[in-house]
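Q: Sharing a structure here in structure tokens format.
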Protein chains: 2
Amino acid sequence: MSRPLSIAVAGLGTVGAGVLRLLSENAEIVAARAGRPVVVKAVSARDRLRDRGVPVSTLRWYDDPVALAADPATDVVVELIGGSEGPARALVEAALAAGKPVVTANKALLAVHGAAIAERAEAQGVPLAFEAAVAGGIPAIKALREGLAANRIRRVAGILNGTCNYILTVMREQKREFGEVLAEAQKLGYAEADPSFDIDGVDAAHKLAILAALAFGRPVDFAAVHVEGIREVSALDIALAEELGYRIKLLGLAARTASGISARVHPCMVPVAAPIARVDGVFNAVVAEGDHVGRVMLEGRGAGAGPTASAVVADLIDLARGRVTPVWGAAPGALASVPSVPMDRHVGAYYLRLMVLDRPGVIADVTGILRDQAISLEAMLQRGRAPGEAVPVVLTTHDCEEAQMRRALARIAALDAVLEKPALIRIEPL
Amino acid sequence: MSRPLSIAVAGLGTVGAGVLRLLSENAEIVAARAGRPVVVKAVSARDRLRDRGVPVSTLRWYDDPVALAADPATDVVVELIGGSEGPARALVEAALAAGKPVVTANKALLAVHGAAIAERAEAQGVPLAFEAAVAGGIPAIKALREGLAANRIRRVAGILNGTCNYILTVMREQKREFGEVLAEAQKLGYAEADPSFDIDGVDAAHKLAILAALAFGRPVDFAAVHVEGIREVSALDIALAEELGYRIKLLGLAARTASGISARVHPCMVPVAAPIARVDGVFNAVVAEGDHVGRVMLEGRGAGAGPTASAVVADLIDLARGRVTPVWGAAPGALASVPSVPMDRHVGAYYLRLMVLDRPGVIADVTGILRDQAISLEAMLQRGRAPGEAVPVVLTTHDCEEAQMRRALARIAALDAVLEKPALIRIEPL
């Protein structure tokens, strides 16, 4: 057996400790599959004395993570600090500059600075691996970049944030409102104290930007992703969706269209019969559609110490074996420069739920506005009757352009009889 | 860009023609992802003049597939002839002997002779790739052998035969009997004229044997797989399963138990809520359970020209990039020698459906036999009453050993009041 692969790990939070634990528990299996032992030699974290459930006293310790890049006796740097700026970014840049392969779980860094970082890695001829950055333990990057590499990918979509999927699942199962379920998820540790990164869709958008780059073979473009979170999803809309045969999921969706690549993260209504509709709780899923393979779906745990460590160590095994792939699946010169399509140009069906005064003429006003924007209705339903009071009215449309719908929505919201901000959820056939 | 990867393709049936078509349609994408063009230079098939929808006249033609191995100007041999013996086996052996990497979709060959073939490939240091051999377009081999490589796999299971899954799905949806649905599937081209390979579970067992070798890091052992097909599944049992909250699926299941590796293919009752229960029609699915990653499921098309070609070309891209993995995931010396557990030692819950004469004492006789074998009942239900006539009686058990159940079953079948061969289906929690 060849000489061990020596690694340096920066960041010993849940995931970092999980990687150390996995490498120790499964040392024999990892060595067999890697063709040589994979051994942690150096670490960096903020607090040297904290008990992490794994011994670190025999490892070389660095207070400054960036100094890890210069550790003389390690072959690979594993970055598990997180965040698109600060020490994580500085470490990755220093490691690549030093010619050291990098394994990272950092989706924010890759989404925001991935184009430049990948360029640097490829210019230096240094591998940069990031299986753990998307969908945790699901080997989604490998599947998309290698397993489905023969295909022209038409679309990639996914449930990419376990916190949101958990909250939406509990809201549906227990018929409760968002704020209450979020507070409970925070108590249970399924949501952060500051949850905005998850529930406003930013985390899912980071991951989608990475998936889109891989699927369509072009450098990552986070700025082009349209992002909406789940704060405005109500128990009422979840119940009405159910009645219409849909589930509400926060999806990331990227597609190749005639005018370029569209990429968006927002709550969607998906048919109950679609496989992704049944992916509940903290599970993640990634669906890819290729021209020869058809639809492939992968499902599993998207976060947590074990699943994330599984992905990080898979990357280390690839490096130990010398299995290397260009960052976005093709050499920089072979990447496509496909334009991004703005959200205004999105074409799809919509669910619209209004709270209106139950009085004659309101529906005529609303449908008149839709007609003026050339939006055609698929169905309309009014729940309950309460003359002179507020009742929900649901409209679903045939395909129309987002810009049309936005114009119609502004006019509908301005009607006297429309009492609240209308709820708009896009319907995705999937 | 480096020099092209030149390939020789043996077998130009549906899959072979699909590979040629994919390589021609997606030449640019494949070249970008492979780092160089992947070009077919030589082919072999039975009939040179048959129209396959793809041009072959400019390619070097070999009537004898084995001669392909000696083609001087090709780097890789793609074997798409099929069958565990004959020309397919001879070609693969010749190619490896000549030091040429082999890509094959041949599950029968790998299941039956895979241990010896892998040994030869590794002794020669020649890559042997077979993503297309299991679950068609789903990158199951790559996911298991590379993506989940950091894990000790506890269990791998799957819907591995699209023909069986299609037949069982139609039987359930249309409440029809096996024979009728099979005949229709043959007319539609979903089942072969001689369907036994599929419906008797042999094809699924080939694939399971390969998955088990990868999951547990030991040479393939087809002889140790217990195999039952779906011929005896009745519409009545499918309906009764539904009533009990189960779906009937033909699954391949391999697990690491305290006494060794168990591997079996047979109809199973799986809870309706299990993700695999919803994988219907010709779709395949593979579920793997790892100690760190938890449960991961992959779903997609398990057969057909496009999906299979997608997998074959993914292997070619790996070879073009120099990404190589030992056949069973670890070097021969690092493979485990874990014993196989015979089916008699299987422990699980059972569904038993009897057609009995509706007269006093029958249930007491049956339950007495089960008690004598120390099998404990979970539930019993009798459908309809017809004194003096045949009625179905269903029993479900708690976990017991297969040998116990077999003994009980022989005695139950011998009872006068039991009018037909009892139906036995294993219940899998999944």
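Letters A, B, ... go to the chains of the structure tokens in the order shown; residues in each chain start at 1; ligands are counted from 1 in the same order.
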Write out as a list in words which residues come within 9 Å of Ala204 (chain B) when counting only C-alpha atoms, dropping same-chain ones fewer than 3 positions away.
A: Val134, Gly158, Ile159, Leu160, Asn161, Phe197, Asp198, Asp200, Gly201, Lys207, Leu208, Ala209, Val227, Leu250, Leu251, Gly252 and Val265 of chain B
Q: Could you please tell me, as a list in words, which residues of chain B have an atom within 6 Å of chain A when using only C-alpha atoms?
A: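 The complete set of qualifying residues is Val30, Ala32, Arg33, Gly137, Pro139, Gly147, Ala149, Ala150, His292, Val293, Arg295, Val296, Met297, Leu298, Glu299, Gly300, Gly306, Pro307, Ser310, Val313, Ala314, Arg323, Gly329, Ala330 and Ala334 of chain B.
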Q: Could those residues be written to a file, using C-alpha atoms, as a short mmCIF file (atom, residue, chain, number, x, y, z; two decimals), in the first residue's frame?
A:
```cif
data_model
loop_
_atom_site.label_atom_id
_atom_site.label_comp_id
_atom_site.auth_asym_id
_atom_site.auth_seq_id
_atom_site.Cartn_x
_atom_site.Cartn_y
_atom_site.Cartn_z
CA VAL B 30 -18.64 14.28 -24.37
CA ALA B 32 -15.55 18.63 -23.19
CA ARG B 33 -16.23 16.36 -20.24
CA GLY B 137 -28.99 5.00 -16.51
CA PRO B 139 -25.26 5.92 -11.70
CA GLY B 147 -19.84 8.41 -3.71
CA ALA B 149 -17.03 4.89 -0.32
CA ALA B 150 -16.46 6.36 3.14
CA HIS B 292 -22.48 7.65 8.31
CA VAL B 293 -24.59 8.73 5.37
CA ARG B 295 -30.20 5.98 3.63
CA VAL B 296 -29.63 7.18 0.07
CA MET B 297 -32.01 6.30 -2.76
CA LEU B 298 -31.42 6.64 -6.49
CA GLU B 299 -34.23 6.29 -8.99
CA GLY B 300 -34.38 6.33 -12.77
CA GLY B 306 -30.73 6.00 -24.03
CA PRO B 307 -30.25 5.25 -20.32
CA SER B 310 -25.65 7.13 -20.92
CA VAL B 313 -20.43 6.60 -22.18
CA ALA B 314 -20.01 7.78 -18.56
CA ARG B 323 -10.41 8.08 -13.47
CA GLY B 329 -13.94 -0.84 -4.97
CA ALA B 330 -10.72 -1.99 -3.31
CA ALA B 334 -7.96 -5.45 0.50
#
```
Q: Going by DSSP on the backbone, which bits of region 179-377 of chain B are strand (DSSP E or B)? Write them as a PyMOL selection string, please.
A: chain B and resi 226-227+246-257+260-271+283-290+294-301+340+347-357+377
Q: Give me the residues near region 37-45 of chain B as JSON, numbers by chain, where near means some atom within 8 Å (using only C-alpha atoms) and where sequence neighbours in that chain fewer than 3 positions away do not count.
A: {"B": [3, 4, 5, 6, 7, 8, 9, 10, 11, 12, 20, 23, 27, 28, 30, 31, 32, 34, 48, 56, 59, 60, 61, 62, 63, 64, 65, 68, 71, 73, 74, 316, 317, 320]}
Q: Between CA of Ser262 (chain B) and CA of Pro422 (chain B), what is the spacing in Å?
A: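 If I compute the distance from CA of Pro422 (chain B) to CA of Ser262 (chain B), I get 24.8 Å.
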Q: Can you tell me which residues surround Gly189 (chain B) at a distance of at most 12 Å, considering only C-alpha atoms, apart from same-chain residues fewer than 6 positions away, and format the answer as a ChimeraX atom specification?
A: /B:162-163,166,182-183,195,282,304
Q: Keeping C-alpha atoms for every residue in the selection just given, could you write it to a file as a PDB file, in the first residue's frame?
A:
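Contents of the output file result_29.pdb:
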```pdb
ATOM      1  CA  GLY B 162     -38.067  -2.991 -15.011  1.00  0.00           C
ATOM      2  CA  THR B 163     -40.084  -5.781 -16.630  1.00  0.00           C
ATOM      3  CA  TYR B 166     -43.941  -2.891 -14.845  1.00  0.00           C
ATOM      4  CA  LEU B 182     -47.246 -10.574 -19.026  1.00  0.00           C
ATOM      5  CA  ALA B 183     -48.794 -11.387 -22.412  1.00  0.00           C
ATOM      6  CA  PRO B 195     -39.451 -13.832 -20.345  1.00  0.00           C
ATOM      7  CA  VAL B 282     -40.315   0.463 -15.750  1.00  0.00           C
ATOM      8  CA  GLY B 304     -33.488   1.114 -22.855  1.00  0.00           C
TER       9      GLY B 304
END
```
Q: Which of region 228-316 of chain B end up as alpha helix (DSSP H) when DSSP is run on this backbone - answer as a VMD selection string?
A: chain B and resid 235 to 244 305 to 316
Q: So which residues touch Ser234 (chain B) within 10 Å, counting only C-alpha atoms, skipping near sequence neighbours fewer than 2 positions away, as a list in words?
A: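 The contact residues come out as Leu168, Met171, Arg172, Lys175, Arg176, Glu177, Phe178, Gly179, Ile230, Arg231, Glu232, Leu236, Asp237, Ile238, Ala239, Leu240 and Ala423 of chain B.
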Q: Go ahead and write the selection's residues with N, CA, C and O atoms as a PDB file, in the first residue's frame.
A:
```
ATOM      1  N   LEU B 168     -45.903  -5.849 -12.144  1.00  0.00           N
ATOM      2  CA  LEU B 168     -46.524  -5.719 -10.815  1.00  0.00           C
ATOM      3  C   LEU B 168     -47.325  -4.418 -10.706  1.00  0.00           C
ATOM      4  O   LEU B 168     -48.382  -4.375 -10.082  1.00  0.00           O
ATOM      5  N   MET B 171     -50.539  -4.950 -12.694  1.00  0.00           N
ATOM      6  CA  MET B 171     -51.416  -5.866 -11.946  1.00  0.00           C
ATOM      7  C   MET B 171     -52.155  -5.121 -10.837  1.00  0.00           C
ATOM      8  O   MET B 171     -53.347  -5.317 -10.609  1.00  0.00           O
ATOM      9  N   ARG B 172     -51.427  -4.248 -10.131  1.00  0.00           N
ATOM     10  CA  ARG B 172     -52.048  -3.511  -9.026  1.00  0.00           C
ATOM     11  C   ARG B 172     -53.030  -2.462  -9.534  1.00  0.00           C
ATOM     12  O   ARG B 172     -54.170  -2.386  -9.076  1.00  0.00           O
ATOM     13  N   LYS B 175     -55.889  -4.315 -11.447  1.00  0.00           N
ATOM     14  CA  LYS B 175     -56.441  -5.499 -10.773  1.00  0.00           C
ATOM     15  C   LYS B 175     -56.515  -6.686 -11.723  1.00  0.00           C
ATOM     16  O   LYS B 175     -57.552  -7.347 -11.838  1.00  0.00           O
ATOM     17  N   ARG B 176     -55.406  -6.950 -12.406  1.00  0.00           N
ATOM     18  CA  ARG B 176     -55.384  -8.054 -13.358  1.00  0.00           C
ATOM     19  C   ARG B 176     -54.368  -9.099 -12.936  1.00  0.00           C
ATOM     20  O   ARG B 176     -53.504  -8.846 -12.126  1.00  0.00           O
ATOM     21  N   GLU B 177     -54.498 -10.291 -13.524  1.00  0.00           N
ATOM     22  CA  GLU B 177     -53.628 -11.405 -13.153  1.00  0.00           C
ATOM     23  C   GLU B 177     -52.319 -11.397 -13.938  1.00  0.00           C
ATOM     24  O   GLU B 177     -52.227 -10.865 -15.042  1.00  0.00           O
ATOM     25  N   PHE B 178     -51.328 -12.062 -13.373  1.00  0.00           N
ATOM     26  CA  PHE B 178     -49.981 -12.090 -13.913  1.00  0.00           C
ATOM     27  C   PHE B 178     -49.906 -12.479 -15.393  1.00  0.00           C
ATOM     28  O   PHE B 178     -49.301 -11.778 -16.216  1.00  0.00           O
ATOM     29  N   GLY B 179     -50.515 -13.626 -15.735  1.00  0.00           N
ATOM     30  CA  GLY B 179     -50.372 -14.182 -17.086  1.00  0.00           C
ATOM     31  C   GLY B 179     -50.852 -13.222 -18.159  1.00  0.00           C
ATOM     32  O   GLY B 179     -50.205 -13.035 -19.199  1.00  0.00           O
ATOM     33  N   ILE B 230     -41.628 -13.618  -9.950  1.00  0.00           N
ATOM     34  CA  ILE B 230     -42.956 -13.075  -9.645  1.00  0.00           C
ATOM     35  C   ILE B 230     -44.096 -13.890 -10.222  1.00  0.00           C
ATOM     36  O   ILE B 230     -45.253 -13.475 -10.146  1.00  0.00           O
ATOM     37  N   ARG B 231     -43.806 -15.082 -10.810  1.00  0.00           N
ATOM     38  CA  ARG B 231     -44.864 -15.864 -11.447  1.00  0.00           C
ATOM     39  C   ARG B 231     -46.015 -16.177 -10.505  1.00  0.00           C
ATOM     40  O   ARG B 231     -47.152 -16.318 -10.927  1.00  0.00           O
ATOM     41  N   GLU B 232     -45.707 -16.328  -9.234  1.00  0.00           N
ATOM     42  CA  GLU B 232     -46.754 -16.772  -8.304  1.00  0.00           C
ATOM     43  C   GLU B 232     -47.463 -15.635  -7.585  1.00  0.00           C
ATOM     44  O   GLU B 232     -48.315 -15.861  -6.735  1.00  0.00           O
ATOM     45  N   LEU B 236     -54.950 -11.208  -6.102  1.00  0.00           N
ATOM     46  CA  LEU B 236     -55.536 -11.261  -4.760  1.00  0.00           C
ATOM     47  C   LEU B 236     -54.516 -10.820  -3.707  1.00  0.00           C
ATOM     48  O   LEU B 236     -54.828 -10.023  -2.809  1.00  0.00           O
ATOM     49  N   ASP B 237     -53.301 -11.316  -3.804  1.00  0.00           N
ATOM     50  CA  ASP B 237     -52.292 -10.933  -2.805  1.00  0.00           C
ATOM     51  C   ASP B 237     -51.924  -9.449  -2.916  1.00  0.00           C
ATOM     52  O   ASP B 237     -51.665  -8.795  -1.913  1.00  0.00           O
ATOM     53  N   ILE B 238     -51.920  -8.952  -4.138  1.00  0.00           N
ATOM     54  CA  ILE B 238     -51.631  -7.519  -4.308  1.00  0.00           C
ATOM     55  C   ILE B 238     -52.731  -6.696  -3.643  1.00  0.00           C
ATOM     56  O   ILE B 238     -52.450  -5.706  -2.950  1.00  0.00           O
ATOM     57  N   ALA B 239     -53.998  -7.126  -3.805  1.00  0.00           N
ATOM     58  CA  ALA B 239     -55.110  -6.393  -3.192  1.00  0.00           C
ATOM     59  C   ALA B 239     -55.072  -6.507  -1.669  1.00  0.00           C
ATOM     60  O   ALA B 239     -55.301  -5.529  -0.949  1.00  0.00           O
ATOM     61  N   LEU B 240     -54.763  -7.702  -1.171  1.00  0.00           N
ATOM     62  CA  LEU B 240     -54.690  -7.888   0.285  1.00  0.00           C
ATOM     63  C   LEU B 240     -53.517  -7.082   0.867  1.00  0.00           C
ATOM     64  O   LEU B 240     -53.616  -6.512   1.951  1.00  0.00           O
ATOM     65  N   ALA B 423     -49.709 -19.070  -0.348  1.00  0.00           N
ATOM     66  CA  ALA B 423     -48.878 -17.984  -0.879  1.00  0.00           C
ATOM     67  C   ALA B 423     -48.063 -17.398   0.261  1.00  0.00           C
ATOM     68  O   ALA B 423     -48.623 -17.074   1.318  1.00  0.00           O
TER      69      ALA B 423
END
```
Q: I'd like the contact shell of region 114-116 of chain B - 12 Å cut-off, only C-alpha atoms, skipping same-chain residues fewer than 2 positions apart - returned as an MDAnalysis selection string.
A: chainID B and resid 84:85 89 92:93 96 104 106:112 118:123 128:130 133 206:207 209:210 213:214 217:223 327:328 332 335
Q: I'd like the neighbourhood of region 354-362 of chain A as an MDAnalysis selection string, where a residue qualifies if any of its atoms comes within 12 Å (using only C-alpha atoms), though same-chain residues fewer than 3 positions away should be ignored.
A: chainID A and resid 236:237 351 365:369 380:396 409 412:425
Q: Would you save the residues from that selection as a short mmCIF file (atom, residue, chain, number, x, y, z; two decimals), in the first residue's frame, using C-alpha atoms?
A:
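Final output, part19.cif:
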```cif
data_model
loop_
_atom_site.label_atom_id
_atom_site.label_comp_id
_atom_site.auth_asym_id
_atom_site.auth_seq_id
_atom_site.Cartn_x
_atom_site.Cartn_y
_atom_site.Cartn_z
CA LEU A 236 -54.07 27.97 4.28
CA ASP A 237 -52.13 27.76 1.02
CA TYR A 351 -51.51 29.72 -8.12
CA ASP A 365 -62.65 42.81 -11.52
CA VAL A 366 -59.93 40.24 -10.82
CA THR A 367 -60.55 38.13 -13.89
CA GLY A 368 -60.80 41.30 -15.99
CA ILE A 369 -57.29 42.29 -14.91
CA MET A 380 -61.12 29.29 -9.89
CA LEU A 381 -62.46 28.34 -6.51
CA GLN A 382 -64.00 30.28 -3.70
CA ARG A 383 -64.09 28.71 -0.26
CA GLY A 384 -67.07 29.49 1.92
CA ARG A 385 -69.53 32.34 1.64
CA ALA A 386 -69.65 35.24 4.08
CA PRO A 387 -71.37 38.28 2.47
CA GLY A 388 -69.57 41.49 3.38
CA GLU A 389 -66.64 39.63 4.94
CA ALA A 390 -63.25 38.30 3.81
CA VAL A 391 -63.13 34.97 1.97
CA PRO A 392 -60.26 33.25 0.17
CA VAL A 393 -60.44 33.02 -3.60
CA VAL A 394 -58.03 30.78 -5.46
CA LEU A 395 -57.13 31.12 -9.12
CA THR A 396 -54.81 28.91 -11.10
CA LEU A 409 -50.72 41.13 -9.44
CA ILE A 412 -55.16 43.08 -8.29
CA ALA A 413 -53.45 44.00 -5.02
CA ALA A 414 -54.58 47.61 -5.53
CA LEU A 415 -58.29 46.68 -5.69
CA ASP A 416 -60.34 47.93 -2.73
CA ALA A 417 -61.96 44.55 -2.23
CA VAL A 418 -58.62 42.73 -2.00
CA LEU A 419 -57.83 42.88 1.69
CA GLU A 420 -54.36 41.32 2.00
CA LYS A 421 -51.25 40.99 -0.10
CA PRO A 422 -52.13 38.24 -2.62
CA ALA A 423 -50.30 34.93 -2.21
CA LEU A 424 -48.56 33.78 -5.39
CA ILE A 425 -47.03 30.33 -5.76
#
```
Q: Which value, in Å to one decimal, gives the distance between CA of Gly260 (chain B) and CA of Pro339 (chain B)?
A: 5.0 Å
Q: Work out how far CA of Ile199 (chain B) is from CA of Ala277 (chain B), in Å to one decimal.
A: 18.7 Å
